[in-house]
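Colleague: Got a structure for you, written out below as structure tokens; questions coming shortly.
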Amino acid sequence: MDDIDAMFSHLLGEMDHLSQSLSESAEAIPASQRRSTFSISFTDLNESLNELEDQDLDALVADLRLQSTTSEVFTDQQTSSRTDKQAAESPMTQQSEPAAALPEPSNTAGSSRGQMSEPQTKADKIKLALEKLKESSLIVKVLMSDSSSKMLMVDEKQAVREVLDKLFEKTHCDCGVDWSLCETNPELQIERGFEDHENVVEPLSVWTQESGNKVYFVSRPQKYVMFKNPELFYMWKKKTASLSGVNEQARQLLLKEHFGGSTLIVPDLEGTLFLKEDGKKVWKPRYFVLRASGLYYVPKGKTKSSSDLACFIHFEKVNIYTAINYKQKYRAPTDFCFVLKHPRIQKESDYIKFLCCEDKHSLLLWVNSIRIAKYGTVLYDNYQAAVRRATHSLQTLHSAAHTDKSNGHVEEYPHEPPPDFIPPPPPGQTQV
């Protein structure tokens with residue numbers, strides 16, 4: 001028994017020593033190396049940098065330098081805190097040694113950074129940018145509607161809303177609520193607008209190296225149509241003539257009723273959709289019903305009652321995409337198609353669900369009603385945040401215009417407010 005106790009104590013001591021060694025090794029790794037880093041590859045990154053205008057290249061270098069400085073400060077703070085901790089744990093050892101024996105902090109790195117000359121030529125700037133890009137979390141090339149592009153440094157935890165704010169600053173656009181980041185998949189011929197609360201890195205990280213996927217910064221009027229015109233989704237069974245008479249007060253009541261309570265009310269949408277058979281270019285009509293938990297259909301020979309409905313798909317692990325030119329690609333009945341698939345599926349698969357609507361209005365209803373069912377009240381929160389951002393931008397522009405006018409300088413308003421912009425209501429009322 002004494003031998004067993006001794007062996008057990010020795011084993012515990014070895015495990016404790018091993019744990020301490022692992023902890024010290026982890027602390028010795030610089031923070032910049034511990035971070036999980038990855039980047040989206042471009043066809044030719046050097047060529048992309050060469051295509052940038054001087055002011056855009058300067059802005060990119062400034063952003064990269066700011067992140068590098070922040071990372072260095074964070075690392076220095078960690079080193080300082082570990083030094084203080086070691087000093088607190090061994091005060092007797094510190095007292096027994098002469099002060100001259102303590103190593104002086106090295107300022108070589110800091111001084112060399114301070115003495116670095118600013119890059120003068122475009123080639124120098126590109127070289128510096130390439131060096132800094134290696135240390136960054138993610139560099140995204142965002143395409144604009146005018147065929148230009150912007151390169152952004154995106155943090156691993158940043159939401160789409162933050163990236164949109166960066167783009168507003170760089171493009172000086174009107175900051176309207178319809179601006180979106182949109183991903184396209186040319187192989188599947190689909191596209192999707194990112195939701196403002198989404199993490200930017202997550203959907204981009206599943207792209208394959210050989211994919212031709214791209215990110216666009218575009219205005220999508222349908223992005224928040226469910227809040228601008230809620231009657232289209234919650235009164236869709238009524239005739240179009242009666243919907244045209246809905247005023248703003250009625251819209252506010254609809255929003256409060258369906259989004260202002262403790263439980264979200266999903267549009268009671270149902271109708272015929274064409275479903276593409278797996279592996280075939282054959283589309284068959286089925287009667288679908290939307291529920292908060294997913295999309296259901298009426299099996300052949302069954303009624304439309306709830307007890308006869310069969311589950312088609314749940315929304316938790318799939319995203320909804322609109323399709324491009326499926327009438328030609330898959331012989332769809334119309335070009336108003338949408339796709340439900342897991343974000344990791346980047347090529348054709350039997351796990352992708354292809355659906356086709358009869359017209360453009362039906363596509364608008366189904367796509368956005370499914371978004372409501374999938375994301376719930378988060379979408380409404382996103383919309384309110386976008387309205388506040390647009391309102392602040394508009395007030396800033398008005399203030400600048402008033403200042404110029406009072407100084408005797410008359411200048412035209414640089415950006416008109418978006419046509420669908422809704423000003424905030426008075427205090428005490430629900431903001432849309």
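As shown in the structure tokens, the chain order sets the letters A, B, ...; within each chain, residues go from 1, and ligands are also counted from 1 in the order they appear.
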Just the residues within 9 Å of Val218 (chain A), please, counting only C-alpha atoms, with nothing from its chain fewer than 2 positions along; format it as a ChimeraX atom specification.
Modeller: /A:143-145,178-182,216,220
Colleague: Would you save the residues from that selection as a PDB file, in the first residue's frame, using all heavy atoms?
Modeller:
ATOM      1  N   LEU A 143     -17.404  44.716 -53.640  1.00  0.00           N
ATOM      2  CA  LEU A 143     -17.666  45.314 -54.941  1.00  0.00           C
ATOM      3  C   LEU A 143     -18.833  46.290 -54.853  1.00  0.00           C
ATOM      4  O   LEU A 143     -19.801  46.050 -54.142  1.00  0.00           O
ATOM      5  CB  LEU A 143     -17.977  44.227 -55.968  1.00  0.00           C
ATOM      6  CG  LEU A 143     -16.892  43.158 -56.151  1.00  0.00           C
ATOM      7  CD1 LEU A 143     -17.335  42.121 -57.163  1.00  0.00           C
ATOM      8  CD2 LEU A 143     -15.582  43.793 -56.587  1.00  0.00           C
ATOM      9  N   MET A 144     -18.727  47.394 -55.583  1.00  0.00           N
ATOM     10  CA  MET A 144     -19.765  48.412 -55.608  1.00  0.00           C
ATOM     11  C   MET A 144     -20.632  48.260 -56.863  1.00  0.00           C
ATOM     12  O   MET A 144     -20.268  47.570 -57.810  1.00  0.00           O
ATOM     13  CB  MET A 144     -19.131  49.811 -55.585  1.00  0.00           C
ATOM     14  CG  MET A 144     -18.141  50.023 -54.463  1.00  0.00           C
ATOM     15  SD  MET A 144     -18.950  50.120 -52.860  1.00  0.00           S
ATOM     16  CE  MET A 144     -17.708  49.389 -51.799  1.00  0.00           C
ATOM     17  N   SER A 145     -21.752  48.929 -56.847  1.00  0.00           N
ATOM     18  CA  SER A 145     -22.665  48.850 -57.986  1.00  0.00           C
ATOM     19  C   SER A 145     -22.091  49.518 -59.235  1.00  0.00           C
ATOM     20  O   SER A 145     -22.532  49.234 -60.351  1.00  0.00           O
ATOM     21  CB  SER A 145     -24.006  49.501 -57.624  1.00  0.00           C
ATOM     22  OG  SER A 145     -23.810  50.838 -57.198  1.00  0.00           O
ATOM     23  N   ASP A 178     -31.824  50.678 -46.767  1.00  0.00           N
ATOM     24  CA  ASP A 178     -31.837  49.592 -47.750  1.00  0.00           C
ATOM     25  C   ASP A 178     -30.448  49.082 -48.121  1.00  0.00           C
ATOM     26  O   ASP A 178     -30.333  48.045 -48.780  1.00  0.00           O
ATOM     27  CB  ASP A 178     -32.536  50.045 -49.036  1.00  0.00           C
ATOM     28  CG  ASP A 178     -34.020  50.279 -48.827  1.00  0.00           C
ATOM     29  OD1 ASP A 178     -34.578  49.696 -47.878  1.00  0.00           O
ATOM     30  OD2 ASP A 178     -34.616  51.061 -49.593  1.00  0.00           O
ATOM     31  N   TRP A 179     -29.389  49.785 -47.709  1.00  0.00           N
ATOM     32  CA  TRP A 179     -28.051  49.346 -48.075  1.00  0.00           C
ATOM     33  C   TRP A 179     -27.734  48.001 -47.427  1.00  0.00           C
ATOM     34  O   TRP A 179     -28.011  47.779 -46.242  1.00  0.00           O
ATOM     35  CB  TRP A 179     -27.008  50.373 -47.669  1.00  0.00           C
ATOM     36  CG  TRP A 179     -27.021  51.596 -48.537  1.00  0.00           C
ATOM     37  CD1 TRP A 179     -27.528  52.821 -48.230  1.00  0.00           C
ATOM     38  CD2 TRP A 179     -26.513  51.698 -49.875  1.00  0.00           C
ATOM     39  NE1 TRP A 179     -27.368  53.681 -49.290  1.00  0.00           N
ATOM     40  CE2 TRP A 179     -26.755  53.021 -50.320  1.00  0.00           C
ATOM     41  CE3 TRP A 179     -25.893  50.805 -50.741  1.00  0.00           C
ATOM     42  CZ2 TRP A 179     -26.389  53.469 -51.574  1.00  0.00           C
ATOM     43  CZ3 TRP A 179     -25.523  51.237 -52.002  1.00  0.00           C
ATOM     44  CH2 TRP A 179     -25.763  52.560 -52.402  1.00  0.00           C
ATOM     45  N   SER A 180     -27.138  47.102 -48.220  1.00  0.00           N
ATOM     46  CA  SER A 180     -26.912  45.733 -47.754  1.00  0.00           C
ATOM     47  C   SER A 180     -25.559  45.220 -48.235  1.00  0.00           C
ATOM     48  O   SER A 180     -25.018  45.689 -49.238  1.00  0.00           O
ATOM     49  CB  SER A 180     -28.000  44.792 -48.285  1.00  0.00           C
ATOM     50  OG  SER A 180     -29.288  45.284 -48.031  1.00  0.00           O
ATOM     51  N   LEU A 181     -25.055  44.228 -47.491  1.00  0.00           N
ATOM     52  CA  LEU A 181     -23.961  43.399 -47.981  1.00  0.00           C
ATOM     53  C   LEU A 181     -24.604  42.156 -48.573  1.00  0.00           C
ATOM     54  O   LEU A 181     -25.413  41.496 -47.922  1.00  0.00           O
ATOM     55  CB  LEU A 181     -23.020  42.998 -46.850  1.00  0.00           C
ATOM     56  CG  LEU A 181     -21.958  43.996 -46.407  1.00  0.00           C
ATOM     57  CD1 LEU A 181     -21.058  43.352 -45.368  1.00  0.00           C
ATOM     58  CD2 LEU A 181     -21.146  44.503 -47.564  1.00  0.00           C
ATOM     59  N   CYS A 182     -24.255  41.838 -49.801  1.00  0.00           N
ATOM     60  CA  CYS A 182     -24.900  40.741 -50.507  1.00  0.00           C
ATOM     61  C   CYS A 182     -23.844  39.776 -51.037  1.00  0.00           C
ATOM     62  O   CYS A 182     -22.862  40.204 -51.650  1.00  0.00           O
ATOM     63  CB  CYS A 182     -25.754  41.298 -51.645  1.00  0.00           C
ATOM     64  SG  CYS A 182     -26.560  40.051 -52.656  1.00  0.00           S
ATOM     65  N   TYR A 216     -21.041  42.121 -52.432  1.00  0.00           N
ATOM     66  CA  TYR A 216     -21.429  43.394 -53.038  1.00  0.00           C
ATOM     67  C   TYR A 216     -22.038  44.309 -51.975  1.00  0.00           C
ATOM     68  O   TYR A 216     -22.677  43.843 -51.021  1.00  0.00           O
ATOM     69  CB  TYR A 216     -22.454  43.177 -54.151  1.00  0.00           C
ATOM     70  CG  TYR A 216     -21.876  42.632 -55.436  1.00  0.00           C
ATOM     71  CD1 TYR A 216     -21.745  41.262 -55.625  1.00  0.00           C
ATOM     72  CD2 TYR A 216     -21.454  43.481 -56.456  1.00  0.00           C
ATOM     73  CE1 TYR A 216     -21.206  40.750 -56.792  1.00  0.00           C
ATOM     74  CE2 TYR A 216     -20.915  42.978 -57.633  1.00  0.00           C
ATOM     75  CZ  TYR A 216     -20.799  41.611 -57.794  1.00  0.00           C
ATOM     76  OH  TYR A 216     -20.267  41.114 -58.957  1.00  0.00           O
ATOM     77  N   ARG A 220     -30.925  47.306 -51.553  1.00  0.00           N
ATOM     78  CA  ARG A 220     -31.949  46.296 -51.803  1.00  0.00           C
ATOM     79  C   ARG A 220     -33.268  46.783 -51.210  1.00  0.00           C
ATOM     80  O   ARG A 220     -33.495  46.664 -49.991  1.00  0.00           O
ATOM     81  CB  ARG A 220     -31.547  44.961 -51.184  1.00  0.00           C
ATOM     82  CG  ARG A 220     -30.308  44.333 -51.816  1.00  0.00           C
ATOM     83  CD  ARG A 220     -29.765  43.186 -50.994  1.00  0.00           C
ATOM     84  NE  ARG A 220     -30.687  42.091 -50.835  1.00  0.00           N
ATOM     85  CZ  ARG A 220     -30.750  41.035 -51.656  1.00  0.00           C
ATOM     86  NH1 ARG A 220     -29.931  40.958 -52.695  1.00  0.00           N
ATOM     87  NH2 ARG A 220     -31.599  40.060 -51.442  1.00  0.00           N
TER      88      ARG A 220
END
Colleague: Which residue, A:Tyr330, A:Ser205, A:Phe217, A:Asp350, has the smallest gap to Lys150 (chain A) when you use only C-alpha atoms?
Modeller: A:Phe217
Colleague: Rounded to one decimal, what separation in Å do you get between CA of Val282 (chain A) and CA of Arg331 (chain A)?
Modeller: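 So the answer is 7.6 Å.
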Colleague: So which one's closest to Lys284 (chain A), A:Leu355, A:Cys337, A:Met153, A:Leu167? Using only C-alpha atoms, please.
Modeller: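 So, comparing all the options, the nearest one is A:Leu355.
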Colleague: For Tyr321 (chain A), please output as a list of chain:residue names all residues within 7 Å (counting only C-alpha atoms; exclusion window: fewer than 6 positions along the same chain).
Modeller: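 Here the qualifying residues turn out to be A:Ile190, A:Glu191, A:Arg192, A:Phe338, A:Val339, A:Leu340.
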Colleague: Which polymer residues have any atom within 7 Å of an atom of Ala390 (chain A), counting only C-alpha atoms, with same-chain residues fewer than 4 positions away left out, as a PyMOL selection string?
Modeller: chain A and resi 175-177+386+394
Colleague: Any chance you could tabulate, as JSON lines, the residues of region 132-219 of chain A at most 12 Å from region 362-377 of chain A with each one's nearest atom pair and distance in Å to one decimal, using only C-alpha atoms, in chain and rising number order?
Modeller:
{"residue": "A:Arg192", "atom": "CA", "partner": "A:Val367", "partner_atom": "CA", "distance": 10.5}
{"residue": "A:Gly193", "atom": "CA", "partner": "A:Arg371", "partner_atom": "CA", "distance": 10.9}
{"residue": "A:Phe194", "atom": "CA", "partner": "A:Arg371", "partner_atom": "CA", "distance": 11.2}
{"residue": "A:Glu195", "atom": "CA", "partner": "A:Tyr375", "partner_atom": "CA", "distance": 9.1}
{"residue": "A:Asp196", "atom": "CA", "partner": "A:Tyr375", "partner_atom": "CA", "distance": 11.2}
{"residue": "A:His197", "atom": "CA", "partner": "A:Tyr375", "partner_atom": "CA", "distance": 9.9}
{"residue": "A:Glu198", "atom": "CA", "partner": "A:Tyr375", "partner_atom": "CA", "distance": 10.5}
Colleague: Restricting it to N, CA and C atoms, dump the selection as a short mmCIF file (atom, residue, chain, number, x, y, z; two decimals), in the first residue's frame.
Modeller:
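Contents of again-v3.cif, freshly written:
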data_model
loop_
_atom_site.label_atom_id
_atom_site.label_comp_id
_atom_site.auth_asym_id
_atom_site.auth_seq_id
_atom_site.Cartn_x
_atom_site.Cartn_y
_atom_site.Cartn_z
N ARG A 192 -27.76 36.32 -51.77
CA ARG A 192 -28.43 36.52 -50.49
C ARG A 192 -27.90 37.79 -49.84
N GLY A 193 -28.78 38.57 -49.28
CA GLY A 193 -28.38 39.72 -48.49
C GLY A 193 -28.11 39.30 -47.06
N PHE A 194 -26.92 39.63 -46.53
CA PHE A 194 -26.62 39.32 -45.14
C PHE A 194 -27.54 40.12 -44.22
N GLU A 195 -27.95 39.54 -43.12
CA GLU A 195 -28.73 40.27 -42.12
C GLU A 195 -27.78 41.10 -41.27
N ASP A 196 -28.23 42.26 -40.82
CA ASP A 196 -27.36 43.21 -40.12
C ASP A 196 -26.74 42.65 -38.85
N HIS A 197 -27.42 41.69 -38.21
CA HIS A 197 -26.90 41.16 -36.95
C HIS A 197 -25.92 40.01 -37.16
N GLU A 198 -25.79 39.53 -38.39
CA GLU A 198 -24.92 38.38 -38.66
C GLU A 198 -23.45 38.74 -38.47
#
Colleague: Could you please determine the separation between CA of Leu309 (chain A) and CA of Tyr297 (chain A) in Å, to one decimal place?
Modeller: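 Going from CA of Leu309 (chain A) over to CA of Tyr297 (chain A) covers 5.6 Å.
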Colleague: With a distance cut-off of 12 Å and only C-alpha atoms, select the neighbouring residues of Trp236 (chain A), excluding the residue or stretch itself and same-chain residues fewer than 5 positions from it, and output the selection as a PyMOL selection string.
Modeller: chain A and resi 226+229-231+241-244+267-271+361-362+364-366+369
Colleague: For C-alpha atoms, I'd like the residues from the last selection saved as a PDB file, in the first residue's frame.
Modeller:
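Result written to again-v5.pdb:
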ATOM      1  CA  MET A 226     -42.104  43.813 -44.236  1.00  0.00           C
ATOM      2  CA  ASN A 229     -45.547  47.756 -45.832  1.00  0.00           C
ATOM      3  CA  PRO A 230     -46.608  45.155 -43.245  1.00  0.00           C
ATOM      4  CA  GLU A 231     -50.072  44.980 -44.791  1.00  0.00           C
ATOM      5  CA  ALA A 241     -57.569  47.729 -53.826  1.00  0.00           C
ATOM      6  CA  SER A 242     -58.241  47.490 -50.097  1.00  0.00           C
ATOM      7  CA  LEU A 243     -54.510  47.320 -49.299  1.00  0.00           C
ATOM      8  CA  SER A 244     -53.865  50.574 -51.140  1.00  0.00           C
ATOM      9  CA  PRO A 267     -47.391  35.781 -41.616  1.00  0.00           C
ATOM     10  CA  ASP A 268     -50.087  33.177 -42.226  1.00  0.00           C
ATOM     11  CA  LEU A 269     -48.842  32.544 -45.738  1.00  0.00           C
ATOM     12  CA  GLU A 270     -49.877  29.598 -47.895  1.00  0.00           C
ATOM     13  CA  GLY A 271     -50.165  28.798 -51.576  1.00  0.00           C
ATOM     14  CA  HIS A 361     -45.046  39.495 -55.857  1.00  0.00           C
ATOM     15  CA  SER A 362     -45.334  35.900 -54.616  1.00  0.00           C
ATOM     16  CA  LEU A 364     -41.414  38.837 -52.392  1.00  0.00           C
ATOM     17  CA  LEU A 365     -43.963  37.422 -49.937  1.00  0.00           C
ATOM     18  CA  TRP A 366     -42.390  33.993 -49.540  1.00  0.00           C
ATOM     19  CA  SER A 369     -41.989  35.808 -44.701  1.00  0.00           C
TER      20      SER A 369
END
